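*Asks:* Structure file work19.pdb (PDB, C-alpha atoms and all ligand atoms) right here:
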ATOM      1  CA  MET A1225      18.133  25.527   9.493
ATOM      2  CA  LYS A1226      16.949  22.662   7.354
ATOM      3  CA  ASP A1227      17.657  19.255   8.905
ATOM      4  CA  GLU A1228      18.850  17.108   5.991
ATOM      5  CA  ASN A1229      18.583  13.891   8.028
ATOM      6  CA  LYS A1230      14.945  14.363   8.842
ATOM      7  CA  THR A1231      12.561  11.884   7.183
ATOM      8  CA  PRO A1232      10.337  13.938   4.868
ATOM      9  CA  PRO A1233       6.722  14.053   6.045
ATOM     10  CA  LYS A1234       4.578  11.373   4.404
ATOM     11  CA  ARG A1235       1.809  12.836   2.325
ATOM     12  CA  VAL A1236      -1.597  12.010   3.752
ATOM     13  CA  PRO A1237      -3.884  10.690   1.021
ATOM     14  CA  ALA A1238      -6.611  13.121   0.003
ATOM     15  CA  ILE A1239      -9.227  12.181   2.608
ATOM     16  CA  ARG A1240     -12.153  14.561   2.736
ATOM     17  CA  THR A1241     -14.366  13.027   5.400
ATOM     18  CA  VAL A1242     -13.971  10.449   8.168
ATOM     19  CA  THR A1243     -16.351   8.998  10.753
ATOM     20  CA  ILE A1244     -15.861   9.566  14.462
ATOM     21  CA  ASN A1245     -18.292   7.914  16.860
ATOM     22  CA  GLY A1246     -20.838   7.574  14.096
ATOM     23  CA  GLU A1247     -20.612  11.172  12.842
ATOM     24  CA  LEU A1248     -19.140  12.202   9.512
ATOM     25  CA  VAL A1249     -16.573  14.950  10.125
ATOM     26  CA  PRO A1250     -13.969  16.725   7.982
ATOM     27  CA  TYR A1251     -10.622  14.930   8.141
ATOM     28  CA  GLU A1252      -8.954  18.106   9.475
ATOM     29  CA  ASP A1253     -11.188  17.981  12.566
ATOM     30  CA  ALA A1254     -10.272  14.374  13.442
ATOM     31  CA  ARG A1255      -7.694  14.699  16.199
ATOM     32  CA  VAL A1256      -6.546  12.466  19.076
ATOM     33  CA  PRO A1257      -5.609  14.097  22.411
ATOM     34  CA  ILE A1258      -1.961  13.511  23.317
ATOM     35  CA  THR A1259      -3.104  12.124  26.686
ATOM     36  CA  ALA A1260      -5.223   9.311  25.167
ATOM     37  CA  PRO A1261      -4.332   5.802  26.456
ATOM     38  CA  GLY A1262      -4.964   4.659  22.889
ATOM     39  CA  LEU A1263      -1.835   6.576  21.962
ATOM     40  CA  THR A1264       0.443   6.175  24.989
ATOM     41  CA  PHE A1265      -0.354   2.564  25.882
ATOM     42  CA  ALA A1266      -1.618   1.421  22.463
ATOM     43  CA  VAL A1267      -5.042   0.622  23.928
ATOM     44  CA  CYS A1268      -6.358   0.360  20.421
ATOM     45  CA  VAL A1269      -7.701  -2.263  18.040
ATOM     46  CA  PHE A1270      -8.204  -1.849  14.328
ATOM     47  CA  GLU A1271      -9.061  -3.410  10.988
ATOM     48  CA  GLY A1272      -7.909  -3.091   7.418
ATOM     49  CA  ILE A1273     -10.577  -3.673   4.782
ATOM     50  CA  ARG A1274     -10.388  -3.383   1.024
ATOM     51  CA  ALA A1275     -13.001  -2.254  -1.448
ATOM     52  CA  TYR A1276     -12.576  -2.900  -5.177
ATOM     53  CA  TRP A1277     -13.810  -0.734  -8.002
ATOM     54  CA  ASN A1278     -15.616  -2.557 -10.815
ATOM     55  CA  GLU A1279     -15.581  -0.287 -13.853
ATOM     56  CA  ASP A1280     -18.062  -2.401 -15.865
ATOM     57  CA  GLN A1281     -20.647  -2.334 -13.103
ATOM     58  CA  ASN A1282     -19.782   1.222 -12.038
ATOM     59  CA  GLN A1283     -19.683  -0.119  -8.511
ATOM     60  CA  LEU A1284     -17.344  -0.321  -5.518
ATOM     61  CA  PHE A1285     -17.478  -3.606  -3.588
ATOM     62  CA  VAL A1286     -16.275  -3.946   0.010
ATOM     63  CA  PHE A1287     -14.860  -7.396   0.696
ATOM     64  CA  ARG A1288     -16.040  -9.340   3.756
ATOM     65  CA  LEU A1289     -16.984  -6.182   5.631
ATOM     66  CA  ASN A1290     -19.042  -7.992   8.238
ATOM     67  CA  GLU A1291     -16.275 -10.465   9.093
ATOM     68  CA  HIS A1292     -13.783  -7.632   9.571
ATOM     69  CA  LEU A1293     -16.088  -5.781  11.934
ATOM     70  CA  GLU A1294     -16.843  -8.992  13.814
ATOM     71  CA  ARG A1295     -13.107  -9.336  14.327
ATOM     72  CA  LEU A1296     -12.901  -5.714  15.500
ATOM     73  CA  HIS A1297     -15.531  -6.564  18.125
ATOM     74  CA  PHE A1298     -13.613  -9.680  19.139
ATOM     75  CA  SER A1299     -10.350  -7.731  19.451
ATOM     76  CA  ALA A1300     -12.044  -5.022  21.522
ATOM     77  CA  LYS A1301     -13.495  -7.665  23.830
ATOM     78  CA  MET A1302     -10.105  -9.329  24.268
ATOM     79  CA  ILE A1303      -8.403  -6.105  25.366
ATOM     80  CA  GLN A1304     -11.474  -5.226  27.470
ATOM     81  CA  LEU A1305     -12.586  -2.005  25.882
ATOM     82  CA  ASP A1306     -16.020  -0.727  26.820
ATOM     83  CA  PRO A1307     -18.599  -2.043  24.322
ATOM     84  CA  LEU A1308     -18.366  -0.863  20.721
ATOM     85  CA  PRO A1309     -21.381   0.136  18.604
ATOM     86  CA  PRO A1310     -23.184  -2.860  17.077
ATOM     87  CA  ILE A1311     -21.523  -4.516  14.074
ATOM     88  CA  ASP A1312     -24.390  -3.529  11.749
ATOM     89  CA  ASP A1313     -23.953   0.131  12.674
ATOM     90  CA  LEU A1314     -20.216  -0.023  12.047
ATOM     91  CA  CYS A1315     -20.830  -1.687   8.666
ATOM     92  CA  LYS A1316     -23.175   1.138   7.688
ATOM     93  CA  GLN A1317     -20.687   3.734   8.908
ATOM     94  CA  ALA A1318     -17.898   2.167   6.841
ATOM     95  CA  VAL A1319     -20.010   2.319   3.692
ATOM     96  CA  GLU A1320     -21.131   5.891   4.453
ATOM     97  CA  THR A1321     -17.522   6.976   5.002
ATOM     98  CA  VAL A1322     -16.476   5.699   1.584
ATOM     99  CA  LYS A1323     -19.560   7.215  -0.018
ATOM    100  CA  ALA A1324     -18.947  10.599   1.594
ATOM    101  CA  ASN A1325     -15.553  10.719  -0.107
ATOM    102  CA  GLU A1326     -17.064   9.650  -3.441
ATOM    103  CA  TYR A1327     -14.234   7.219  -4.134
ATOM    104  CA  ARG A1328     -14.460   5.500  -7.486
ATOM    105  CA  ALA A1329     -11.236   3.514  -7.243
ATOM    106  CA  ASP A1330      -9.841   0.660  -5.151
ATOM    107  CA  THR A1331     -10.120   1.803  -1.560
ATOM    108  CA  TYR A1332      -8.774   0.861   1.855
ATOM    109  CA  ILE A1333     -10.974   1.249   4.927
ATOM    110  CA  ARG A1334      -9.399   1.598   8.364
ATOM    111  CA  PRO A1335     -11.734   1.279  11.386
ATOM    112  CA  GLN A1336     -10.155   1.804  14.803
ATOM    113  CA  ALA A1337     -11.404   1.671  18.388
ATOM    114  CA  PHE A1338      -9.315   3.118  21.181
ATOM    115  CA  VAL A1339      -9.438   4.613  24.646
ATOM    116  CA  ASP A1340      -9.662   8.336  24.188
ATOM    117  CA  GLU A1341      -9.124  11.464  26.304
ATOM    118  CA  PHE A1342      -7.101  10.618  29.427
ATOM    119  CA  GLY A1343      -6.300   7.596  31.584
ATOM    120  CA  GLY A1344      -3.847   4.901  32.543
ATOM    121  CA  MET A1345      -2.973   1.607  30.878
ATOM    122  CA  PHE A1346      -5.941  -0.203  32.451
ATOM    123  CA  ALA A1347      -8.542   2.318  31.255
ATOM    124  CA  LYS A1348     -11.464   0.688  29.391
ATOM    125  CA  GLY A1349     -13.083   3.893  28.186
ATOM    126  CA  PRO A1350     -14.143   6.319  26.947
ATOM    127  CA  VAL A1351     -13.893   4.417  23.680
ATOM    128  CA  THR A1352     -13.805   6.317  20.424
ATOM    129  CA  THR A1353     -14.438   4.550  17.133
ATOM    130  CA  THR A1354     -13.106   6.031  13.931
ATOM    131  CA  ILE A1355     -13.339   5.030  10.293
ATOM    132  CA  ALA A1356     -11.034   6.442   7.652
ATOM    133  CA  ALA A1357     -11.013   5.434   3.999
ATOM    134  CA  TYR A1358      -8.588   6.273   1.235
ATOM    135  CA  PRO A1359      -7.669   5.088  -2.254
ATOM    136  CA  ARG A1360      -5.250   2.183  -2.287
ATOM    137  CA  SER A1361      -4.315   0.315  -5.415
ATOM    138  CA  ARG A1362      -3.178  -3.197  -6.106
ATOM    139  CA  MET A1363       0.040  -4.452  -4.464
ATOM    140  CA  ARG A1364       3.051  -3.667  -6.613
ATOM    141  CA  ASP A1365       4.308  -7.270  -6.352
ATOM    142  CA  PHE A1366       0.974  -8.892  -7.231
ATOM    143  CA  HIS A1367       2.166  -9.971 -10.687
ATOM    144  CA  ASP A1368       5.933 -10.321 -10.332
ATOM    145  CA  GLY A1369       6.180 -11.611  -6.779
ATOM    146  CA  THR A1370       8.267 -10.591  -3.800
ATOM    147  CA  LYS A1371      11.431 -11.603  -1.984
ATOM    148  CA  VAL A1372      11.293 -12.288   1.728
ATOM    149  CA  CYS A1373      13.677 -13.429   4.422
ATOM    150  CA  VAL A1374      13.158 -15.465   7.554
ATOM    151  CA  SER A1375      13.352 -13.028  10.428
ATOM    152  CA  ASN A1376      15.594 -13.500  13.411
ATOM    153  CA  TRP A1377      12.880 -11.806  15.472
ATOM    154  CA  ARG A1378      10.385 -14.291  16.913
ATOM    155  CA  ARG A1379       6.580 -14.138  16.669
ATOM    156  CA  LEU A1380       4.506 -13.028  19.640
ATOM    157  CA  SER A1381       2.843 -15.732  21.666
ATOM    158  CA  ASP A1382      -0.741 -16.184  22.784
ATOM    159  CA  ASN A1383       0.437 -16.009  26.395
ATOM    160  CA  ALA A1384       2.100 -12.637  25.981
ATOM    161  CA  SER A1385       0.465 -10.478  23.336
ATOM    162  CA  PRO A1386      -2.070 -12.683  21.529
ATOM    163  CA  PRO A1387      -1.600 -12.363  17.758
ATOM    164  CA  ARG A1388      -5.206 -13.335  16.982
ATOM    165  CA  VAL A1389      -6.174 -10.005  18.514
ATOM    166  CA  LYS A1390      -5.721  -7.252  15.944
ATOM    167  CA  ALA A1391      -4.318  -4.843  18.502
ATOM    168  CA  THR A1392      -2.085  -1.929  17.612
ATOM    169  CA  ALA A1393       0.435  -3.060  20.227
ATOM    170  CA  ASN A1394       1.127  -6.281  18.306
ATOM    171  CA  TYR A1395       2.531  -4.374  15.369
ATOM    172  CA  LEU A1396       5.752  -3.408  17.140
ATOM    173  CA  SER A1397       6.891  -6.969  16.526
ATOM    174  CA  SER A1398       5.939  -6.761  12.842
ATOM    175  CA  ARG A1399       7.691  -3.421  12.515
ATOM    176  CA  LEU A1400      10.941  -4.756  13.931
ATOM    177  CA  ALA A1401      10.885  -7.795  11.653
ATOM    178  CA  GLY A1402       9.908  -5.733   8.598
ATOM    179  CA  LEU A1403      12.555  -3.055   9.100
ATOM    180  CA  ASP A1404      15.200  -5.711   9.655
ATOM    181  CA  ALA A1405      14.149  -7.486   6.430
ATOM    182  CA  GLN A1406      14.232  -4.226   4.461
ATOM    183  CA  SER A1407      17.697  -3.374   5.772
ATOM    184  CA  LYS A1408      18.833  -6.667   4.235
ATOM    185  CA  GLY A1409      17.249  -5.893   0.870
ATOM    186  CA  PHE A1410      14.086  -7.999   1.226
ATOM    187  CA  GLU A1411      10.575  -6.659   0.974
ATOM    188  CA  THR A1412       9.396  -8.210   4.207
ATOM    189  CA  ALA A1413       9.915 -11.169   6.539
ATOM    190  CA  ILE A1414       8.443 -14.494   7.492
ATOM    191  CA  ILE A1415       8.491 -14.799  11.265
ATOM    192  CA  LEU A1416       9.017 -18.043  13.177
ATOM    193  CA  SER A1417       7.336 -18.869  16.451
ATOM    194  CA  GLU A1418       9.339 -19.338  19.649
ATOM    195  CA  SER A1419       9.413 -23.059  18.821
ATOM    196  CA  GLY A1420      10.989 -22.331  15.446
ATOM    197  CA  LYS A1421       8.003 -23.156  13.232
ATOM    198  CA  VAL A1422       6.662 -20.817  10.543
ATOM    199  CA  SER A1423       4.086 -18.404  11.945
ATOM    200  CA  GLU A1424       3.214 -15.605   9.522
ATOM    201  CA  SER A1425       4.594 -12.510   7.857
ATOM    202  CA  THR A1426       4.574  -8.957   9.197
ATOM    203  CA  GLY A1427       1.042  -8.246   7.968
ATOM    204  CA  ALA A1428      -0.054 -11.346   6.111
ATOM    205  CA  CYS A1429      -0.378 -15.112   6.399
ATOM    206  CA  VAL A1430       1.775 -17.626   4.557
ATOM    207  CA  PHE A1431       0.919 -20.508   2.258
ATOM    208  CA  ILE A1432       3.358 -22.907   0.616
ATOM    209  CA  VAL A1433       2.641 -25.456  -2.096
ATOM    210  CA  ARG A1434       4.426 -28.813  -1.975
ATOM    211  CA  ASP A1435       3.581 -31.570  -4.442
ATOM    212  CA  GLY A1436       0.386 -29.745  -5.387
ATOM    213  CA  ILE A1437      -0.856 -29.511  -1.782
ATOM    214  CA  LEU A1438      -1.464 -26.142  -0.160
ATOM    215  CA  ILE A1439      -0.061 -25.930   3.347
ATOM    216  CA  THR A1440      -0.534 -23.126   5.859
ATOM    217  CA  PRO A1441       0.290 -22.890   9.580
ATOM    218  CA  PRO A1442      -2.654 -23.535  11.925
ATOM    219  CA  VAL A1443      -4.434 -20.789  13.856
ATOM    220  CA  THR A1444      -2.459 -21.883  16.931
ATOM    221  CA  ALA A1445       0.844 -20.884  15.267
ATOM    222  CA  GLY A1446       0.707 -17.308  16.559
ATOM    223  CA  ILE A1447      -1.131 -15.907  13.559
ATOM    224  CA  LEU A1448      -3.895 -13.392  13.095
ATOM    225  CA  GLU A1449      -6.965 -15.414  12.105
ATOM    226  CA  SER A1450      -6.860 -13.924   8.676
ATOM    227  CA  ILE A1451      -9.988 -13.400   6.618
ATOM    228  CA  THR A1452      -7.987 -13.710   3.394
ATOM    229  CA  ARG A1453      -6.464 -16.981   4.613
ATOM    230  CA  ASP A1454      -9.980 -18.260   5.283
ATOM    231  CA  THR A1455     -11.045 -17.075   1.810
ATOM    232  CA  MET A1456      -8.081 -18.831   0.190
ATOM    233  CA  MET A1457      -8.804 -22.106   1.963
ATOM    234  CA  ILE A1458     -12.443 -22.002   0.891
ATOM    235  CA  ILE A1459     -11.796 -21.145  -2.749
ATOM    236  CA  ALA A1460      -8.893 -23.596  -3.048
ATOM    237  CA  ARG A1461     -11.052 -26.443  -1.706
ATOM    238  CA  GLU A1462     -13.920 -25.441  -3.972
ATOM    239  CA  SER A1463     -11.491 -25.669  -6.903
ATOM    240  CA  GLY A1464     -10.638 -29.239  -5.888
ATOM    241  CA  MET A1465      -7.281 -28.477  -4.264
ATOM    242  CA  THR A1466      -6.120 -30.072  -1.031
ATOM    243  CA  VAL A1467      -5.412 -27.637   1.792
ATOM    244  CA  VAL A1468      -3.646 -28.719   4.965
ATOM    245  CA  GLU A1469      -3.239 -26.677   8.130
ATOM    246  CA  ARG A1470      -0.109 -27.893   9.866
ATOM    247  CA  GLU A1471       3.224 -26.784  11.297
ATOM    248  CA  ILE A1472       5.786 -25.753   8.694
ATOM    249  CA  ASP A1473       9.533 -26.114   9.225
ATOM    250  CA  ARG A1474      11.962 -23.448   8.073
ATOM    251  CA  THR A1475      13.599 -25.802   5.568
ATOM    252  CA  GLU A1476      10.204 -26.518   4.018
ATOM    253  CA  LEU A1477      10.148 -22.849   3.036
ATOM    254  CA  TYR A1478      13.392 -23.411   1.163
ATOM    255  CA  ALA A1479      12.146 -26.652  -0.421
ATOM    256  CA  THR A1480       8.742 -25.410  -1.482
ATOM    257  CA  ASP A1481       7.513 -25.382  -5.105
ATOM    258  CA  GLU A1482       5.429 -22.246  -4.602
ATOM    259  CA  ALA A1483       4.670 -19.816  -1.800
ATOM    260  CA  PHE A1484       2.533 -16.749  -1.307
ATOM    261  CA  LEU A1485       1.534 -14.186   1.270
ATOM    262  CA  CYS A1486      -2.119 -13.441   1.796
ATOM    263  CA  GLY A1487      -3.896 -10.688   3.629
ATOM    264  CA  THR A1488      -6.205  -7.788   2.954
ATOM    265  CA  GLY A1489      -3.352  -5.370   2.383
ATOM    266  CA  LYS A1490      -0.979  -7.797   0.676
ATOM    267  CA  GLU A1491      -3.805  -9.473  -1.280
ATOM    268  CA  ILE A1492      -2.259 -12.622  -2.802
ATOM    269  CA  THR A1493       1.423 -11.815  -3.240
ATOM    270  CA  PRO A1494       3.562 -14.570  -4.769
ATOM    271  CA  ILE A1495       6.872 -15.222  -3.026
ATOM    272  CA  ILE A1496       9.716 -15.823  -5.481
ATOM    273  CA  GLN A1497      12.657 -15.966  -3.085
ATOM    274  CA  ILE A1498      13.116 -16.831   0.594
ATOM    275  CA  ASP A1499      16.511 -15.893   2.023
ATOM    276  CA  GLN A1500      19.043 -17.068  -0.581
ATOM    277  CA  PHE A1501      16.711 -19.720  -2.006
ATOM    278  CA  VAL A1502      14.725 -19.145  -5.195
ATOM    279  CA  VAL A1503      11.165 -20.477  -4.930
ATOM    280  CA  GLY A1504      10.285 -22.816  -7.807
ATOM    281  CA  ASP A1505      11.641 -21.297 -10.991
ATOM    282  CA  GLY A1506      11.715 -17.799  -9.528
ATOM    283  CA  ALA A1507       8.373 -16.686 -10.946
ATOM    284  CA  PRO A1508       4.848 -16.808  -9.461
ATOM    285  CA  GLY A1509       3.683 -20.442  -9.391
ATOM    286  CA  SER A1510       0.767 -21.840 -11.399
ATOM    287  CA  ILE A1511      -1.407 -22.686  -8.364
ATOM    288  CA  THR A1512      -0.737 -19.253  -6.900
ATOM    289  CA  LYS A1513      -1.842 -17.652 -10.174
ATOM    290  CA  ILE A1514      -5.061 -19.714 -10.285
ATOM    291  CA  LEU A1515      -5.883 -18.590  -6.754
ATOM    292  CA  GLN A1516      -5.049 -14.966  -7.529
ATOM    293  CA  THR A1517      -7.494 -15.001 -10.438
ATOM    294  CA  ALA A1518     -10.245 -16.609  -8.361
ATOM    295  CA  TYR A1519      -9.647 -14.095  -5.574
ATOM    296  CA  ASP A1520      -9.683 -11.181  -7.972
ATOM    297  CA  ASP A1521     -12.976 -12.314  -9.525
ATOM    298  CA  LEU A1522     -14.529 -12.571  -6.064
ATOM    299  CA  VAL A1523     -13.375  -9.252  -4.651
ATOM    300  CA  CYS A1524     -14.233  -7.308  -7.795
ATOM    301  CA  GLY A1525     -17.755  -8.726  -7.916
ATOM    302  CA  ARG A1526     -17.186 -10.659 -11.157
ATOM    303  CA  SER A1527     -17.989 -14.036  -9.600
ATOM    304  CA  LYS A1528     -21.419 -15.414  -8.795
ATOM    305  CA  ASP A1529     -19.903 -17.372  -5.874
ATOM    306  CA  HIS A1530     -20.086 -16.029  -2.336
ATOM    307  CA  GLU A1531     -21.991 -12.918  -3.287
ATOM    308  CA  ASP A1532     -22.688 -12.419   0.409
ATOM    309  CA  TRP A1533     -18.986 -11.597   0.837
ATOM    310  CA  ILE A1534     -19.239  -8.337  -1.091
ATOM    311  CA  THR A1535     -21.076  -5.194  -0.083
ATOM    312  CA  PRO A1536     -21.840  -2.628  -2.806
ATOM    313  CA  VAL A1537     -21.159   0.953  -1.742
ATOM    314  CA  TYR A1538     -23.281   2.781  -4.337
TER     315      TYR A1538
HETATM  316  C1  LIG B1601      -0.211  -9.778  11.294
HETATM  317  C2  LIG B1601      -1.220 -10.024  10.232
HETATM  318  N1  LIG B1601      -1.431 -11.276   9.802
HETATM  319  C3  LIG B1601      -2.322 -11.556   8.842
HETATM  320  C4  LIG B1601      -3.062 -10.554   8.252
HETATM  321  C5  LIG B1601      -4.073 -10.876   7.209
HETATM  322  O1  LIG B1601      -5.353 -10.763   7.762
HETATM  323  P1  LIG B1601      -6.601 -10.436   6.848
HETATM  324  O2  LIG B1601      -6.583 -11.444   5.762
HETATM  325  O3  LIG B1601      -7.770 -10.647   7.743
HETATM  326  O4  LIG B1601      -6.440  -9.075   6.369
HETATM  327  C6  LIG B1601      -2.874  -9.237   8.645
HETATM  328  C7  LIG B1601      -3.638  -8.143   8.040
HETATM  329  O5  LIG B1601      -4.542  -7.635   8.604
HETATM  330  C8  LIG B1601      -1.944  -8.959   9.678
HETATM  331  O6  LIG B1601      -1.732  -7.710  10.086
END
What's the structure tokens form of this structure?
Ligand SMILES: Cc1ncc(COP(=O)(O)O)c(C=O)c1O

*Replies:*
Amino acid sequence: MKDENKTPPKRVPAIRTVTINGELVPYEDARVPITAPGLTFAVCVFEGIRAYWNEDQNQLFVFRLNEHLERLHFSAKMIQLDPLPPIDDLCKQAVETVKANEYRADTYIRPQAFVDEFGGMFAKGPVTTTIAAYPRSRMRDFHDGTKVCVSNWRRLSDNASPPRVKATANYLSSRLAGLDAQSKGFETAIILSESGKVSESTGACVFIVRDGILITPPVTAGILESITRDTMMIIARESGMTVVEREIDRTELYATDEAFLCGTGKEITPIIQIDQFVVGDGAPGSITKILQTAYDDLVCGRSKDHEDWITPVY
């Protein structure tokens, strides 16, 4: 009998080919054994990378590919996986994976490294690396902004489950905060640290703008050391803006003139409401919009600045 309460299966995007341990294989053949510690104990690290299609240049550009794969290596080292393939090899594999699928649209690339086959929670190998890529378009809230709440879940700490490690296990915390936010009608949440200061969102970092100054929590605030956050700080400073990394109080979120989330997935998403407080005049702020445009020009290969940040696929 049909179970009406069952969540309908999510459609897998049309992925033709993925990479497993350096080999291109059909997506249907990419399977994880149910005994893998990567599954049971979340002995797994991963990355999320975006590539942007530039119609005028008939080209797909991957954004800061090298930095993402450096972070994958760092994460793997922190959870003591056996050594991964060299970063250069993984970069080539990422590009080849996208190419094999012939994507000519904005694309998301998901590398993972996990302990495969069979073992306990302390197993360091055998490590399997996988790379999947699929079309992923612009965030829905990019232009109109999003509404977030402050979570009553607390952020992980460096002494427990270090957030600067992009480990699968860390995302339980994000899931709990995100589901809680959605049940209250918000898109996602901003999470405070155990000491009550702003940390980050479920899958993105946070910036606020007060009196024209960009403020973001420091890397010691329980955040992932975000590549987009780094990008934003660099391009904001290059545009003559002042950027400060410091603790942010909860009430500063409510008092802020502008705010935005930033991350590979979220891109630069303006925040227009935090809990019951409207941010600014309830529309994306002017500084946020300037930064969005600069970011967009960079990632789509329209800017002459930082050309080393983009890798052409074709
Ligand atoms: C928890 C968390 N914070 C921040 C970010 C943003 O990091 P990045 O800009 O490197 O994608 C992400 C996304 O990967 C994330 O999952």

*Asks:* Please, which residues have at least one atom within 9 Å of an atom of ligand LIG 1601 (chain B), using only C-alpha atoms and all ligand atoms, listed as JSON, numbers by chain?

*Replies:* {"A": [1270, 1271, 1272, 1273, 1274, 1291, 1292, 1295, 1387, 1388, 1390, 1394, 1395, 1398, 1424, 1425, 1426, 1427, 1428, 1429, 1430, 1447, 1448, 1449, 1450, 1451, 1452, 1453, 1454, 1455, 1485, 1486, 1487, 1488, 1489, 1490, 1491]}

*Asks:* Could you check the closest approach to Gly1525 (chain A) for each of A:Ile1244, A:Val1286, A:Ala1405, A:Met1456 and tell me which residue wins, using all atoms listed in the file?

*Replies:*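 Among the listed residues, the smallest separation from Gly1525 (chain A) belongs to A:Val1286.
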
*Asks:* State, in Å with one decimal place, the distance from CA of Thr1466 (chain A) to CA of Thr1512 (chain A).

*Replies:* 13.4 Å

*Asks:* Once the PyMOL selection byres (((chain A and resi 1321-1337) around 7) and not hetatm) has been applied to the shown file, what residues remain in the selection, as a PyMOL selection string?

*Replies:* chain A and resi 1240-1243+1268-1277+1284+1317-1320+1338+1351-1361+1537

*Asks:* What's the 8 Å shell around Glu1341 (chain A), counting only C-alpha atoms, without same-chain residues fewer than 6 positions away, as a PyMOL selection string?

*Replies:* chain A and resi 1256-1257+1259-1261+1350

*Asks:* Go ahead and write the selection's residues with C-alpha atoms as an mmCIF file, keeping the file's coordinate frame.

*Replies:*
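Dumped to out_29.cif:
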data_model
loop_
_atom_site.group_PDB
_atom_site.id
_atom_site.type_symbol
_atom_site.label_atom_id
_atom_site.label_comp_id
_atom_site.auth_asym_id
_atom_site.auth_seq_id
_atom_site.Cartn_x
_atom_site.Cartn_y
_atom_site.Cartn_z
ATOM 1 C CA VAL A 1256 -6.546 12.466 19.076
ATOM 2 C CA PRO A 1257 -5.609 14.097 22.411
ATOM 3 C CA THR A 1259 -3.104 12.124 26.686
ATOM 4 C CA ALA A 1260 -5.223 9.311 25.167
ATOM 5 C CA PRO A 1261 -4.332 5.802 26.456
ATOM 6 C CA PRO A 1350 -14.143 6.319 26.947
#

*Asks:* Which one of A:Ser1510, A:Asn1278, A:Leu1289, A:Arg1255 sits closest to Cys1524 (chain A) if you count only C-alpha atoms?

*Replies:*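 The closest residue to Cys1524 (chain A) is A:Asn1278.
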
*Asks:* Which residues are close to region 1297-1304 of chain A, i.e. within 7 Å by only C-alpha atoms, leaving aside same-chain residues fewer than 3 positions away? Reply as a PyMOL selection string.

*Replies:* chain A and resi 1269+1293-1294+1308+1348+1389-1391

*Asks:* Using only C-alpha atoms, which protein or nucleic acid residues come within 12 Å of Leu1477 (chain A)? Drop anything in the same chain fewer than 2 positions from it, and give the result as a ChimeraX atom specification.

*Replies:* /A:1372-1374,1414-1416,1421-1424,1430-1434,1439-1441,1471-1475,1479-1484,1495-1504

*Asks:* Rank nothing, just name the residue among A:Leu1400, A:Asp1435, A:Ser1375, A:Gln1406 nearest to Glu1418 (chain A), using all atoms listed in the file.

*Replies:*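 Among A:Leu1400, A:Asp1435, A:Ser1375, A:Gln1406, it is A:Ser1375 that comes nearest to Glu1418 (chain A).
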
*Asks:* Just add N, CA, C and O atoms to region 1330-1338 of chain A and send it as an mmCIF file, in the coordinates of the input.

*Replies:*
data_model
loop_
_atom_site.group_PDB
_atom_site.id
_atom_site.type_symbol
_atom_site.label_atom_id
_atom_site.label_comp_id
_atom_site.auth_asym_id
_atom_site.auth_seq_id
_atom_site.Cartn_x
_atom_site.Cartn_y
_atom_site.Cartn_z
ATOM 1 N N ASP A 1330 -10.107 1.603 -6.244
ATOM 2 C CA ASP A 1330 -9.841 0.660 -5.151
ATOM 3 C C ASP A 1330 -9.548 1.453 -3.876
ATOM 4 O O ASP A 1330 -8.803 2.441 -3.907
ATOM 5 N N THR A 1331 -10.129 1.001 -2.787
ATOM 6 C CA THR A 1331 -10.120 1.803 -1.560
ATOM 7 C C THR A 1331 -9.745 0.930 -0.370
ATOM 8 O O THR A 1331 -10.035 -0.270 -0.345
ATOM 9 N N TYR A 1332 -9.115 1.542 0.605
ATOM 10 C CA TYR A 1332 -8.774 0.861 1.855
ATOM 11 C C TYR A 1332 -9.574 1.514 2.982
ATOM 12 O O TYR A 1332 -9.663 2.754 3.045
ATOM 13 N N ILE A 1333 -10.145 0.708 3.843
ATOM 14 C CA ILE A 1333 -10.974 1.249 4.927
ATOM 15 C C ILE A 1333 -10.334 0.850 6.255
ATOM 16 O O ILE A 1333 -10.025 -0.325 6.469
ATOM 17 N N ARG A 1334 -10.123 1.829 7.108
ATOM 18 C CA ARG A 1334 -9.399 1.598 8.364
ATOM 19 C C ARG A 1334 -10.265 1.960 9.581
ATOM 20 O O ARG A 1334 -10.291 3.110 9.999
ATOM 21 N N PRO A 1335 -11.026 1.011 10.137
ATOM 22 C CA PRO A 1335 -11.734 1.279 11.386
ATOM 23 C C PRO A 1335 -10.781 1.116 12.580
ATOM 24 O O PRO A 1335 -9.906 0.251 12.552
ATOM 25 N N GLN A 1336 -10.962 1.915 13.579
ATOM 26 C CA GLN A 1336 -10.155 1.804 14.803
ATOM 27 C C GLN A 1336 -11.067 2.019 16.001
ATOM 28 O O GLN A 1336 -12.054 2.753 15.912
ATOM 29 N N ALA A 1337 -10.699 1.408 17.128
ATOM 30 C CA ALA A 1337 -11.404 1.671 18.388
ATOM 31 C C ALA A 1337 -10.339 1.794 19.463
ATOM 32 O O ALA A 1337 -9.480 0.905 19.592
ATOM 33 N N PHE A 1338 -10.390 2.885 20.203
ATOM 34 C CA PHE A 1338 -9.315 3.118 21.181
ATOM 35 C C PHE A 1338 -9.842 3.898 22.383
ATOM 36 O O PHE A 1338 -10.891 4.532 22.318
#
